[in-house]
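Q: Next comes model.tsv, TSV, C-alpha atoms:
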chain	number	residue	atom	x	y	z
L	1206	MET	CA	43.27	-171.25	202.71
L	1207	LYS	CA	42.17	-168.20	204.68
L	1208	GLY	CA	40.68	-168.49	208.14
L	1209	VAL	CA	39.16	-171.54	209.77
L	1210	VAL	CA	36.08	-173.23	208.30
L	1211	ARG	CA	34.58	-175.37	211.07
L	1212	LYS	CA	37.66	-177.48	211.76
L	1213	ARG	CA	40.88	-176.96	209.87
L	1214	PHE	CA	41.33	-178.89	206.64
L	1215	ALA	CA	43.87	-181.26	208.19
L	1216	GLN	CA	41.71	-182.04	211.23
L	1217	ARG	CA	38.71	-182.85	209.07
L	1218	LEU	CA	40.83	-185.26	207.02
L	1219	LEU	CA	42.23	-186.83	210.18
L	1220	ASP	CA	38.74	-187.32	211.60
L	1221	TRP	CA	37.73	-189.02	208.35
L	1222	PHE	CA	40.90	-191.10	208.35
L	1223	ASP	CA	40.31	-192.37	211.87
L	1224	GLN	CA	37.03	-193.94	210.71
L	1225	HIS	CA	37.63	-194.73	207.04
L	1226	GLY	CA	41.36	-194.69	206.34
L	1227	ARG	CA	43.68	-197.61	205.72
L	1228	HIS	CA	45.37	-198.69	208.95
L	1229	ASP	CA	46.59	-202.17	208.06
L	1230	LEU	CA	48.93	-201.63	205.13
L	1231	PRO	CA	52.07	-203.78	205.47
L	1232	TRP	CA	54.48	-200.82	205.45
L	1233	GLN	CA	52.63	-199.31	208.44
L	1234	HIS	CA	53.63	-202.15	210.77
L	1235	PRO	CA	56.34	-201.29	211.53
L	1236	ARG	CA	56.44	-197.90	209.83
L	1237	SER	CA	60.21	-197.67	209.57
L	1238	ALA	CA	61.96	-195.28	207.20
L	1239	TYR	CA	63.22	-198.19	205.10
L	1240	ARG	CA	59.79	-199.77	204.69
L	1241	VAL	CA	58.17	-196.40	203.93
L	1242	TRP	CA	60.85	-195.63	201.34
L	1243	ILE	CA	60.36	-198.94	199.52
L	1244	SER	CA	56.57	-198.60	199.58
L	1245	GLU	CA	56.61	-195.00	198.36
L	1246	VAL	CA	58.78	-195.89	195.38
L	1247	MET	CA	56.62	-198.90	194.53
L	1248	LEU	CA	53.47	-196.78	194.79
L	1249	GLN	CA	54.66	-194.29	192.18
L	1250	GLN	CA	52.11	-194.67	189.36
L	1251	THR	CA	51.02	-198.03	190.81
L	1252	GLN	CA	47.92	-198.87	192.86
L	1253	VAL	CA	48.08	-200.12	196.44
L	1254	LYS	CA	46.40	-203.45	195.68
L	1255	THR	CA	49.08	-204.18	193.07
L	1256	VAL	CA	51.94	-203.10	195.31
L	1257	VAL	CA	51.08	-205.06	198.48
L	1258	PRO	CA	52.19	-208.54	197.33
L	1259	TYR	CA	55.32	-207.13	195.68
L	1260	PHE	CA	56.18	-205.23	198.85
L	1261	GLU	CA	55.76	-208.29	201.04
L	1262	ARG	CA	57.98	-210.44	198.80
L	1263	PHE	CA	60.54	-207.62	198.61
L	1264	MET	CA	60.70	-207.32	202.40
L	1265	GLN	CA	61.19	-211.05	202.82
L	1266	ARG	CA	64.18	-210.98	200.49
L	1267	PHE	CA	65.56	-207.53	201.39
L	1268	PRO	CA	64.56	-206.75	205.00
L	1269	ASP	CA	66.95	-203.82	205.39
L	1270	VAL	CA	69.25	-201.45	203.53
L	1271	ALA	CA	72.27	-203.75	203.78
L	1272	ALA	CA	70.41	-206.72	202.31
L	1273	LEU	CA	69.26	-204.62	199.36
L	1274	ALA	CA	72.61	-202.92	198.82
L	1275	THR	CA	74.63	-206.15	198.76
L	1276	ALA	CA	72.20	-208.14	196.60
L	1277	PRO	CA	72.90	-208.64	192.89
L	1278	LEU	CA	70.88	-206.29	190.71
L	1279	ASP	CA	69.42	-209.32	188.97
L	1280	ASP	CA	67.78	-210.40	192.24
L	1281	VAL	CA	66.26	-206.96	192.71
L	1282	LEU	CA	64.92	-206.81	189.16
L	1283	LEU	CA	63.54	-210.33	189.41
L	1284	LEU	CA	61.35	-209.35	192.39
L	1285	TRP	CA	60.37	-206.14	190.61
L	1286	ALA	CA	59.37	-207.81	187.34
L	1287	GLY	CA	55.77	-206.95	186.51
L	1288	LEU	CA	55.64	-203.62	188.40
L	1289	GLY	CA	57.02	-201.70	185.42
L	1290	TYR	CA	59.04	-198.46	185.43
L	1291	TYR	CA	62.18	-200.48	186.09
L	1292	ALA	CA	64.34	-197.43	186.65
L	1293	ARG	CA	62.70	-197.34	190.08
L	1294	ALA	CA	64.25	-200.70	190.99
L	1295	ARG	CA	67.67	-199.71	189.66
L	1296	ASN	CA	67.51	-196.46	191.62
L	1297	LEU	CA	66.49	-198.31	194.79
L	1298	HIS	CA	69.52	-200.54	194.45
L	1299	ARG	CA	71.90	-197.65	193.83
L	1300	ALA	CA	70.40	-195.60	196.66
L	1301	ALA	CA	70.76	-198.51	199.09
L	1302	GLN	CA	74.42	-198.84	198.13
L	1303	GLN	CA	74.93	-195.13	198.83
L	1304	MET	CA	73.12	-195.43	202.17
L	1305	LEU	CA	75.39	-198.32	203.12
L	1306	ALA	CA	78.53	-196.46	202.09
L	1307	GLN	CA	77.66	-192.96	203.32
L	1308	HIS	CA	74.96	-193.28	206.00
L	1309	GLY	CA	75.84	-196.39	207.95
L	1310	GLY	CA	73.20	-198.51	206.25
L	1311	GLU	CA	70.35	-196.27	207.41
L	1312	VAL	CA	67.86	-194.13	205.52
L	1313	PRO	CA	68.97	-190.52	206.16
L	1314	GLN	CA	66.75	-188.38	208.38
L	1315	ASP	CA	67.93	-185.19	206.70
L	1316	PHE	CA	65.73	-183.91	203.86
L	1317	ASP	CA	68.60	-182.61	201.74
L	1318	ALA	CA	70.54	-185.85	202.18
L	1319	LEU	CA	67.55	-187.80	200.93
L	1320	LEU	CA	67.33	-185.64	197.83
L	1321	GLN	CA	70.91	-186.56	196.96
L	1322	LEU	CA	69.96	-190.23	196.57
L	1323	PRO	CA	68.94	-191.72	193.20
L	1324	GLY	CA	65.20	-191.77	192.57
L	1325	LEU	CA	64.17	-189.66	195.57
L	1326	GLY	CA	62.35	-186.44	194.78
L	1327	ARG	CA	60.75	-183.86	197.01
L	1328	SER	CA	57.49	-185.73	197.55
L	1329	THR	CA	59.07	-189.12	198.30
L	1330	ALA	CA	61.57	-187.56	200.70
L	1331	GLY	CA	58.76	-185.72	202.48
L	1332	ALA	CA	56.67	-188.89	202.73
L	1333	ILE	CA	59.55	-190.81	204.32
L	1334	LEU	CA	60.25	-188.14	206.93
L	1335	ALA	CA	56.58	-187.48	207.71
L	1336	GLN	CA	55.52	-191.10	208.00
L	1337	ALA	CA	58.60	-192.58	209.64
L	1338	HIS	CA	59.60	-189.68	211.89
L	1339	GLY	CA	56.55	-187.43	212.15
L	1340	ALA	CA	58.49	-184.56	210.55
L	1341	ARG	CA	56.50	-181.67	209.13
L	1342	HIS	CA	56.94	-182.20	205.40
L	1343	ALA	CA	54.33	-182.06	202.67
L	1344	ILE	CA	53.85	-184.60	199.89
L	1345	LEU	CA	52.48	-184.12	196.41
L	1346	ASP	CA	51.81	-187.45	194.72
L	1347	GLY	CA	49.13	-187.95	192.07
L	1348	ASN	CA	46.29	-188.36	194.55
L	1349	VAL	CA	47.27	-185.28	196.55
L	1350	LYS	CA	47.63	-183.18	193.42
L	1351	ARG	CA	44.07	-184.09	192.43
L	1352	VAL	CA	42.67	-183.31	195.90
L	1353	LEU	CA	44.34	-179.93	196.20
L	1354	ALA	CA	43.73	-178.92	192.58
L	1355	ARG	CA	40.00	-179.43	193.15
L	1356	HIS	CA	39.93	-177.90	196.60
L	1357	ALA	CA	41.65	-174.75	195.33
L	1358	ALA	CA	40.17	-174.91	191.79
L	1359	ILE	CA	43.57	-174.60	190.11
L	1360	ALA	CA	42.87	-174.30	186.41
L	1361	GLU	CA	46.22	-175.43	184.99
L	1362	TRP	CA	47.38	-179.02	184.56
L	1363	PRO	CA	49.12	-180.00	187.85
L	1364	GLY	CA	52.28	-180.92	185.98
L	1365	HIS	CA	52.74	-177.38	184.72
L	1366	PRO	CA	55.45	-175.51	186.69
L	1367	ASN	CA	53.08	-172.70	187.71
L	1368	ALA	CA	50.45	-175.13	188.97
L	1369	ALA	CA	53.07	-177.29	190.73
L	1370	LYS	CA	54.40	-174.24	192.56
L	1371	GLN	CA	50.89	-173.33	193.74
L	1372	LEU	CA	50.16	-176.88	194.83
L	1373	TRP	CA	53.35	-177.13	196.88
L	1374	THR	CA	52.53	-173.86	198.62
L	1375	ILE	CA	49.02	-175.07	199.42
L	1376	ALA	CA	50.21	-178.51	200.54
L	1377	GLU	CA	52.65	-176.98	203.01
L	1378	SER	CA	50.12	-174.44	204.31
L	1379	LEU	CA	47.61	-177.17	205.18
L	1380	LEU	CA	49.96	-179.33	207.24
L	1381	PRO	CA	48.90	-179.94	210.86
L	1382	GLN	CA	51.23	-179.45	213.77
L	1383	GLN	CA	50.85	-183.03	214.96
L	1384	ARG	CA	50.01	-186.49	213.60
L	1385	LEU	CA	52.01	-185.90	210.42
L	1386	ALA	CA	52.30	-189.61	209.68
L	1387	ASP	CA	48.54	-190.09	209.88
L	1388	TYR	CA	47.84	-186.91	207.92
L	1389	THR	CA	50.15	-187.98	205.09
L	1390	GLN	CA	48.37	-191.33	204.86
L	1391	ALA	CA	44.97	-189.65	205.23
L	1392	ILE	CA	45.31	-187.32	202.27
L	1393	MET	CA	46.59	-190.16	200.07
L	1394	ASP	CA	43.75	-192.44	201.17
L	1395	PHE	CA	41.22	-189.69	200.63
L	1396	GLY	CA	42.38	-189.13	197.07
L	1397	ALA	CA	42.38	-192.86	196.36
L	1398	SER	CA	38.94	-193.64	197.80
L	1399	LEU	CA	36.72	-190.52	197.74
L	1400	CYS	CA	38.28	-187.76	195.66
L	1401	THR	CA	38.88	-190.14	192.76
L	1402	GLN	CA	39.64	-189.25	189.17
L	1403	ARG	CA	36.21	-190.44	188.02
L	1404	ALA	CA	32.94	-190.25	189.94
L	1405	PRO	CA	34.30	-188.61	193.12
L	1406	ALA	CA	32.06	-189.03	196.19
L	1407	CYS	CA	31.64	-185.32	196.79
L	1408	THR	CA	28.56	-185.63	199.02
L	1409	ARG	CA	30.59	-187.73	201.49
L	1410	CYS	CA	33.67	-185.53	201.30
L	1411	PRO	CA	34.86	-184.21	204.69
L	1412	VAL	CA	36.26	-181.02	203.13
L	1413	ASN	CA	33.54	-180.16	200.60
L	1414	VAL	CA	32.28	-177.18	202.60
L	1415	ASP	CA	35.20	-175.09	201.30
L	1416	CYS	CA	36.13	-177.05	198.17
L	1417	ARG	CA	35.99	-174.47	195.40
L	1418	ALA	CA	35.36	-176.99	192.66
L	1419	PHE	CA	32.42	-178.47	194.61
L	1420	ILE	CA	31.00	-175.05	195.46
L	1421	ARG	CA	31.07	-174.18	191.76
L	1422	GLN	CA	29.50	-177.54	190.89
L	1423	ASP	CA	32.34	-178.01	188.43
L	1424	VAL	CA	34.38	-180.83	189.98
L	1425	ALA	CA	34.80	-182.69	186.69
L	1426	ARG	CA	36.90	-179.84	185.30
L	1427	PHE	CA	39.60	-180.28	187.94
L	1428	PRO	CA	42.36	-181.16	187.78
L	1429	ALA	CA	43.00	-180.08	184.21
L	1430	PRO	CA	44.09	-183.00	182.03
L	1431	ARG	CA	47.60	-183.40	180.75
L	1432	PRO	CA	47.96	-181.80	177.31
L	1433	ARG	CA	47.43	-184.54	174.75
L	1434	ARG	CA	50.37	-185.78	172.76
L	1435	GLU	CA	50.37	-188.45	170.13
L	1436	ARG	CA	52.34	-191.48	171.20
L	1437	PRO	CA	54.50	-192.68	168.32
L	1438	LEU	CA	54.48	-196.36	167.40
L	1439	ARG	CA	57.81	-198.19	167.31
L	1440	LEU	CA	58.27	-201.55	165.67
L	1441	ALA	CA	60.78	-204.21	166.66
L	1442	SER	CA	61.32	-207.88	166.00
L	1443	ALA	CA	61.89	-210.06	169.05
L	1444	LEU	CA	64.27	-212.83	167.99
L	1445	LEU	CA	63.30	-216.05	169.77
L	1446	ILE	CA	66.47	-217.93	168.90
L	1447	GLU	CA	66.45	-221.65	169.67
L	1448	ASN	CA	69.61	-223.76	169.79
L	1449	ALA	CA	69.89	-227.49	169.22
L	1450	GLU	CA	68.95	-228.20	172.86
L	1451	GLY	CA	65.74	-226.17	172.60
L	1452	GLU	CA	67.12	-223.33	174.71
L	1453	ILE	CA	66.29	-219.66	174.04
L	1454	LEU	CA	68.89	-216.93	173.81
L	1455	LEU	CA	68.42	-214.01	176.22
L	1456	GLU	CA	70.61	-210.96	176.69
L	1457	ARG	CA	70.70	-208.24	179.30
L	1458	ARG	CA	69.30	-204.91	178.14
L	1459	PRO	CA	71.53	-201.82	178.50
L	1460	PRO	CA	71.15	-200.02	181.86
L	1461	VAL	CA	69.61	-196.98	180.13
L	1462	GLY	CA	66.53	-197.19	177.94
L	1463	ILE	CA	63.51	-199.46	177.86
L	1464	TRP	CA	63.65	-202.45	180.19
L	1465	GLY	CA	67.08	-201.37	181.41
L	1466	GLY	CA	68.96	-204.17	183.14
L	1467	LEU	CA	66.31	-206.81	182.41
L	1468	TRP	CA	66.77	-209.91	180.26
L	1469	CYS	CA	65.19	-210.03	176.84
L	1470	PRO	CA	65.48	-211.80	173.49
L	1471	PRO	CA	67.58	-209.80	171.01
L	1472	LEU	CA	65.51	-206.96	169.56
L	1473	LEU	CA	65.85	-205.92	165.95
L	1474	GLU	CA	64.55	-202.44	165.20
L	1475	ASP	CA	64.15	-200.27	162.13
L	1476	GLY	CA	63.47	-203.14	159.77
L	1477	GLY	CA	66.89	-204.75	160.12
L	1478	ASP	CA	67.68	-208.19	158.76
L	1479	ALA	CA	67.63	-211.06	161.27
L	1480	ALA	CA	70.14	-213.20	159.37
L	1481	THR	CA	72.64	-210.33	159.21
L	1482	LEU	CA	72.26	-209.58	162.92
L	1483	LEU	CA	72.75	-213.24	163.87
L	1484	SER	CA	75.87	-213.48	161.75
L	1485	GLU	CA	77.49	-210.19	162.71
L	1486	ARG	CA	76.65	-210.04	166.42
L	1487	TYR	CA	76.61	-213.71	167.41
L	1488	GLY	CA	78.38	-215.63	164.66
L	1489	LEU	CA	75.27	-217.76	164.09
L	1490	ARG	CA	73.61	-218.93	160.89
L	1491	LEU	CA	69.87	-218.67	160.44
L	1492	LEU	CA	68.08	-221.72	159.08
L	1493	SER	CA	64.46	-220.53	159.35
L	1494	ALA	CA	62.44	-217.67	160.83
L	1495	VAL	CA	58.70	-217.98	161.47
L	1496	ALA	CA	56.59	-215.00	162.51
L	1497	LEU	CA	54.38	-215.45	165.57
L	1498	PRO	CA	51.39	-213.24	166.57
L	1499	ARG	CA	52.33	-209.65	167.25
L	1500	LEU	CA	52.21	-208.10	170.70
L	1501	ARG	CA	51.74	-204.42	171.50
L	1502	HIS	CA	52.92	-202.77	174.73
L	1503	ALA	CA	52.30	-199.18	175.83
L	1504	PHE	CA	54.99	-197.06	177.44
L	1505	THR	CA	54.49	-193.56	178.83
L	1506	HIS	CA	55.73	-191.77	175.72
L	1507	PHE	CA	55.32	-194.34	172.94
L	1508	GLU	CA	53.88	-197.71	172.00
L	1509	LEU	CA	55.98	-200.70	171.03
L	1510	GLU	CA	54.75	-203.39	168.66
L	1511	LEU	CA	56.77	-206.58	168.88
L	1512	LEU	CA	56.94	-209.03	166.02
L	1513	PRO	CA	58.21	-212.30	167.50
L	1514	LEU	CA	60.32	-214.40	165.14
L	1515	ARG	CA	60.88	-218.01	166.13
L	1516	ILE	CA	64.33	-218.70	164.74
L	1517	ARG	CA	65.92	-222.05	164.04
L	1518	LEU	CA	69.71	-222.14	163.78
L	1519	ASP	CA	71.92	-223.89	161.32
L	1520	GLY	CA	74.48	-225.67	163.50
L	1521	ALA	CA	75.44	-225.61	167.16
L	1522	ALA	CA	75.54	-222.37	169.14
L	1523	ASP	CA	77.17	-223.42	172.40
L	1524	THR	CA	79.90	-220.76	172.12
L	1525	LEU	CA	77.52	-218.24	173.71
L	1526	ARG	CA	77.11	-220.11	176.98
L	1527	ASP	CA	79.91	-218.22	178.75
L	1528	CYS	CA	79.48	-214.87	177.01
L	1529	ALA	CA	78.90	-211.96	179.40
L	1530	GLY	CA	75.46	-210.42	179.11
L	1531	GLN	CA	74.03	-213.35	177.17
L	1532	ARG	CA	72.71	-216.71	178.23
L	1533	TRP	CA	70.83	-219.70	176.92
L	1534	VAL	CA	67.79	-220.63	179.05
L	1535	LYS	CA	65.39	-223.54	179.16
L	1536	LEU	CA	61.79	-222.35	179.38
L	1537	SER	CA	61.11	-225.05	181.95
L	1538	ASP	CA	63.77	-223.63	184.32
L	1539	PRO	CA	63.49	-220.52	186.56
L	1540	LEU	CA	63.97	-217.48	184.33
L	1541	PRO	CA	65.82	-214.22	185.09
L	1542	ALA	CA	64.05	-210.88	185.44
L	1543	LEU	CA	61.97	-210.31	182.30
L	1544	PRO	CA	59.76	-207.46	181.10
L	1545	ALA	CA	56.06	-208.37	181.25
L	1546	PRO	CA	55.62	-208.51	177.44
L	1547	VAL	CA	58.63	-210.82	177.13
L	1548	SER	CA	57.16	-213.09	179.79
L	1549	LYS	CA	54.02	-213.31	177.64
L	1550	LEU	CA	56.03	-214.13	174.54
L	1551	LEU	CA	58.00	-216.85	176.26
L	1552	GLN	CA	54.87	-218.30	177.81
L	1553	ARG	CA	53.32	-218.51	174.35
L	1554	LEU	CA	56.47	-220.22	173.09
L	1555	LYS	CA	56.52	-222.60	176.03
L	1556	THR	CA	52.98	-223.79	175.29
L	1557	SER	CA	53.99	-224.57	171.72
L	1558	THR	CA	57.25	-226.40	172.46
L	1559	ASP	CA	55.58	-229.74	171.85
L	1560	GLN	CA	55.47	-228.72	168.19
L	1561	PRO	CA	58.71	-228.65	166.22
L	1562	CYS	CA	59.94	-225.35	164.84
L	1563	PRO	CA	58.44	-225.09	161.33
L	1564	GLU	CA	60.60	-225.66	158.30
L	1565	PRO	CA	61.41	-222.63	156.15
L	1566	SER	CA	58.98	-221.85	153.39
L	1567	THR	CA	59.89	-222.96	149.87
L	1568	ALA	CA	57.50	-220.51	148.27
How does this structure look as structure tokens?
A:
Amino acid sequence: MKGVVRKRFAQRLLDWFDQHGRHDLPWQHPRSAYRVWISEVMLQQTQVKTVVPYFERFMQRFPDVAALATAPLDDVLLLWAGLGYYARARNLHRAAQQMLAQHGGEVPQDFDALLQLPGLGRSTAGAILAQAHGARHAILDGNVKRVLARHAAIAEWPGHPNAAKQLWTIAESLLPQQRLADYTQAIMDFGASLCTQRAPACTRCPVNVDCRAFIRQDVARFPAPRPRRERPLRLASALLIENAEGEILLERRPPVGIWGGLWCPPLLEDGGDAATLLSERYGLRLLSAVALPRLRHAFTHFELELLPLRIRLDGAADTLRDCAGQRWVKLSDPLPALPAPVSKLLQRLKTSTDQPCPEPSTA
């Protein structure tokens, strides 16, 4: 941005923030590097109102790096369940372990050291250093991208490398010399409350006097949307296997892939046969399988349609009780960390447990 228009961009945002910004978010009091780091990761693709209760529960259980690093991953995932994008939780856990081993249990104050930790990119590292230490680093989360793409009328989708390079240059050029913590919060708050994706409040905008999109009366065109891609549909059967005691079999998902590290009923993809899977993987014999209502869940790059099969076994299945990565659970007991769709499936099953598992069809 060339020259000075009234007050500088940053000062106008700070003036707005002083009157209208959010000053009572839980990670602001105290605004330590650890608390900022956890909040920034939780806020990736997740709204503040959703994050706040998760953050507060997380802080109660894991008040510092050491508590997080030494906790079982299951405990971390259990408190994360429902926030989605579970790689974030796994990366938090791994990063905390590295901080404990390599940085004395503290969040590094060096930008390059932060970038070496799992799950920390340029924007998150900048947000930690700016908010916790007042360091002069820019951020570029979704809200900030939208604000700057409009203000500079950048025609390309912000995720395109050319647009991203421009946005980083602009973000760094607009930084104030002081109040970096407040400025970082201000530009995020501004994007979340005024310069919104739909129906932005341009007439109340503190920086509209030099916003190119507003001057052109073409705000709706910016930022450019992500190029559309068809999301493929995947199908899988969720095997709700019940043993003689009415327990359900769960197994831990692989660390890589959907729902990594969480607990889930066995999934059968690509039209496989449930009886064959039970026999070959678990040494169990299927007595009956009854289809329950389907459930569809959207991921970033595809949609998953689950066909739940309530399965009744022929004979006892207690041999799995001590098998690593598998466990029998009672639906009335506390459950391990589950993906949100699985929680729905098990809740449906729990409400129907007063009815016996149907007999196999003789048709």
Q: With segment 1494-1513 of chain L as the partner and 12 Å as the cut-off, tabulate the residues of segment 1225-1302 of chain L that qualify, each row holding the nearest pair of atoms and their distance in Å to one decimal, using only C-alpha atoms, sorted by chain and rising number, as a tab-separated table.
A:
residue	atom	partner	partner_atom	distance
L:Gln1250	CA	L:Thr1505	CA	10.9
L:Gly1289	CA	L:Phe1504	CA	9.5
L:Tyr1290	CA	L:Phe1504	CA	9.1
L:Tyr1291	CA	L:Phe1504	CA	11.8
Q: Would you list the contacts of segment 1298-1309 of chain L as a count of residues only, taking every protein, DNA or RNA residue within 12 Å and counting only C-alpha atoms, but skipping same-chain residues closer than 5 positions in sequence?
A: 35
Q: Between atom CA of Ala1391 of chain L and atom CA of Asp1346 of chain L, what is the distance in Å, rounded to a tenth?
A: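 One can read the atom CA of Ala1391 of chain L to atom CA of Asp1346 of chain L distance as 12.7 Å.
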Q: From the set L:Ser1557, L:Gln1224, L:Gln1531, L:Gln1390, which residue has the shortest atom-to-atom contact distance to Ala1343 of chain L, counting all atoms listed in the file?
A: L:Gln1390
Q: Calculated over only C-alpha atoms, which of the candidates L:Trp1362, L:Asp1387, L:Arg1409, L:Leu1491 has the smallest distance to Arg1433 of chain L?
A: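 Among L:Trp1362, L:Asp1387, L:Arg1409, L:Leu1491, it is L:Trp1362 that comes nearest to Arg1433 of chain L.
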Q: Measure the distance from atom CA of Val1312 of chain L to atom CA of Arg1236 of chain L in Å and round it to one decimal.
A: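 About the pair atom CA of Val1312 of chain L and atom CA of Arg1236 of chain L: they are 12.8 Å apart.
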Q: Is there a way to complete segment 1459-1481 of chain L with N, CA and C atoms and then write that out as a PDB file, in the frame of the given file?
A:
ATOM      1  N   PRO L1459      70.652-202.868 177.959  1.00  0.00           N
ATOM      2  CA  PRO L1459      71.530-201.820 178.500  1.00  0.00           C
ATOM      3  C   PRO L1459      70.894-201.165 179.719  1.00  0.00           C
ATOM      4  N   PRO L1460      71.702-200.613 180.630  1.00  0.00           N
ATOM      5  CA  PRO L1460      71.150-200.020 181.860  1.00  0.00           C
ATOM      6  C   PRO L1460      70.256-198.813 181.607  1.00  0.00           C
ATOM      7  N   VAL L1461      70.425-198.150 180.467  1.00  0.00           N
ATOM      8  CA  VAL L1461      69.610-196.980 180.130  1.00  0.00           C
ATOM      9  C   VAL L1461      68.711-197.336 178.954  1.00  0.00           C
ATOM     10  N   GLY L1462      67.471-196.892 179.006  1.00  0.00           N
ATOM     11  CA  GLY L1462      66.530-197.190 177.940  1.00  0.00           C
ATOM     12  C   GLY L1462      65.459-198.143 178.415  1.00  0.00           C
ATOM     13  N   ILE L1463      64.628-198.607 177.473  1.00  0.00           N
ATOM     14  CA  ILE L1463      63.510-199.460 177.860  1.00  0.00           C
ATOM     15  C   ILE L1463      64.012-200.764 178.457  1.00  0.00           C
ATOM     16  N   TRP L1464      63.356-201.178 179.520  1.00  0.00           N
ATOM     17  CA  TRP L1464      63.650-202.450 180.190  1.00  0.00           C
ATOM     18  C   TRP L1464      65.104-202.535 180.622  1.00  0.00           C
ATOM     19  N   GLY L1465      65.674-201.408 181.043  1.00  0.00           N
ATOM     20  CA  GLY L1465      67.080-201.370 181.410  1.00  0.00           C
ATOM     21  C   GLY L1465      67.440-202.387 182.476  1.00  0.00           C
ATOM     22  N   GLY L1466      68.463-203.183 182.199  1.00  0.00           N
ATOM     23  CA  GLY L1466      68.960-204.170 183.140  1.00  0.00           C
ATOM     24  C   GLY L1466      68.216-205.484 183.143  1.00  0.00           C
ATOM     25  N   LEU L1467      67.075-205.569 182.453  1.00  0.00           N
ATOM     26  CA  LEU L1467      66.310-206.810 182.410  1.00  0.00           C
ATOM     27  C   LEU L1467      66.835-207.708 181.279  1.00  0.00           C
ATOM     28  N   TRP L1468      66.366-208.941 181.284  1.00  0.00           N
ATOM     29  CA  TRP L1468      66.770-209.910 180.260  1.00  0.00           C
ATOM     30  C   TRP L1468      65.689-210.002 179.203  1.00  0.00           C
ATOM     31  N   CYS L1469      66.114-210.133 177.964  1.00  0.00           N
ATOM     32  CA  CYS L1469      65.190-210.030 176.840  1.00  0.00           C
ATOM     33  C   CYS L1469      65.781-210.763 175.638  1.00  0.00           C
ATOM     34  N   PRO L1470      64.942-211.309 174.763  1.00  0.00           N
ATOM     35  CA  PRO L1470      65.480-211.800 173.490  1.00  0.00           C
ATOM     36  C   PRO L1470      66.086-210.638 172.718  1.00  0.00           C
ATOM     37  N   PRO L1471      67.046-210.882 171.848  1.00  0.00           N
ATOM     38  CA  PRO L1471      67.580-209.800 171.010  1.00  0.00           C
ATOM     39  C   PRO L1471      66.452-209.093 170.264  1.00  0.00           C
ATOM     40  N   LEU L1472      66.504-207.767 170.270  1.00  0.00           N
ATOM     41  CA  LEU L1472      65.510-206.960 169.560  1.00  0.00           C
ATOM     42  C   LEU L1472      66.139-206.373 168.315  1.00  0.00           C
ATOM     43  N   LEU L1473      65.385-206.423 167.247  1.00  0.00           N
ATOM     44  CA  LEU L1473      65.850-205.920 165.950  1.00  0.00           C
ATOM     45  C   LEU L1473      64.896-204.815 165.532  1.00  0.00           C
ATOM     46  N   GLU L1474      65.392-203.588 165.521  1.00  0.00           N
ATOM     47  CA  GLU L1474      64.550-202.440 165.200  1.00  0.00           C
ATOM     48  C   GLU L1474      64.858-201.907 163.811  1.00  0.00           C
ATOM     49  N   ASP L1475      63.955-200.995 163.385  1.00  0.00           N
ATOM     50  CA  ASP L1475      64.150-200.270 162.130  1.00  0.00           C
ATOM     51  C   ASP L1475      64.252-201.183 160.907  1.00  0.00           C
ATOM     52  N   GLY L1476      63.528-202.291 160.939  1.00  0.00           N
ATOM     53  CA  GLY L1476      63.470-203.140 159.770  1.00  0.00           C
ATOM     54  C   GLY L1476      64.755-203.845 159.415  1.00  0.00           C
ATOM     55  N   GLY L1477      65.628-204.074 160.389  1.00  0.00           N
ATOM     56  CA  GLY L1477      66.890-204.750 160.120  1.00  0.00           C
ATOM     57  C   GLY L1477      66.679-206.209 159.732  1.00  0.00           C
ATOM     58  N   ASP L1478      67.743-206.816 159.244  1.00  0.00           N
ATOM     59  CA  ASP L1478      67.680-208.190 158.760  1.00  0.00           C
ATOM     60  C   ASP L1478      68.155-209.145 159.846  1.00  0.00           C
ATOM     61  N   ALA L1479      67.311-210.138 160.187  1.00  0.00           N
ATOM     62  CA  ALA L1479      67.630-211.060 161.270  1.00  0.00           C
ATOM     63  C   ALA L1479      68.874-211.883 160.953  1.00  0.00           C
ATOM     64  N   ALA L1480      68.992-212.377 159.719  1.00  0.00           N
ATOM     65  CA  ALA L1480      70.140-213.200 159.370  1.00  0.00           C
ATOM     66  C   ALA L1480      71.446-212.427 159.507  1.00  0.00           C
ATOM     67  N   THR L1481      71.436-211.156 159.092  1.00  0.00           N
ATOM     68  CA  THR L1481      72.640-210.330 159.210  1.00  0.00           C
ATOM     69  C   THR L1481      73.007-210.099 160.665  1.00  0.00           C
TER      70      THR L1481
END
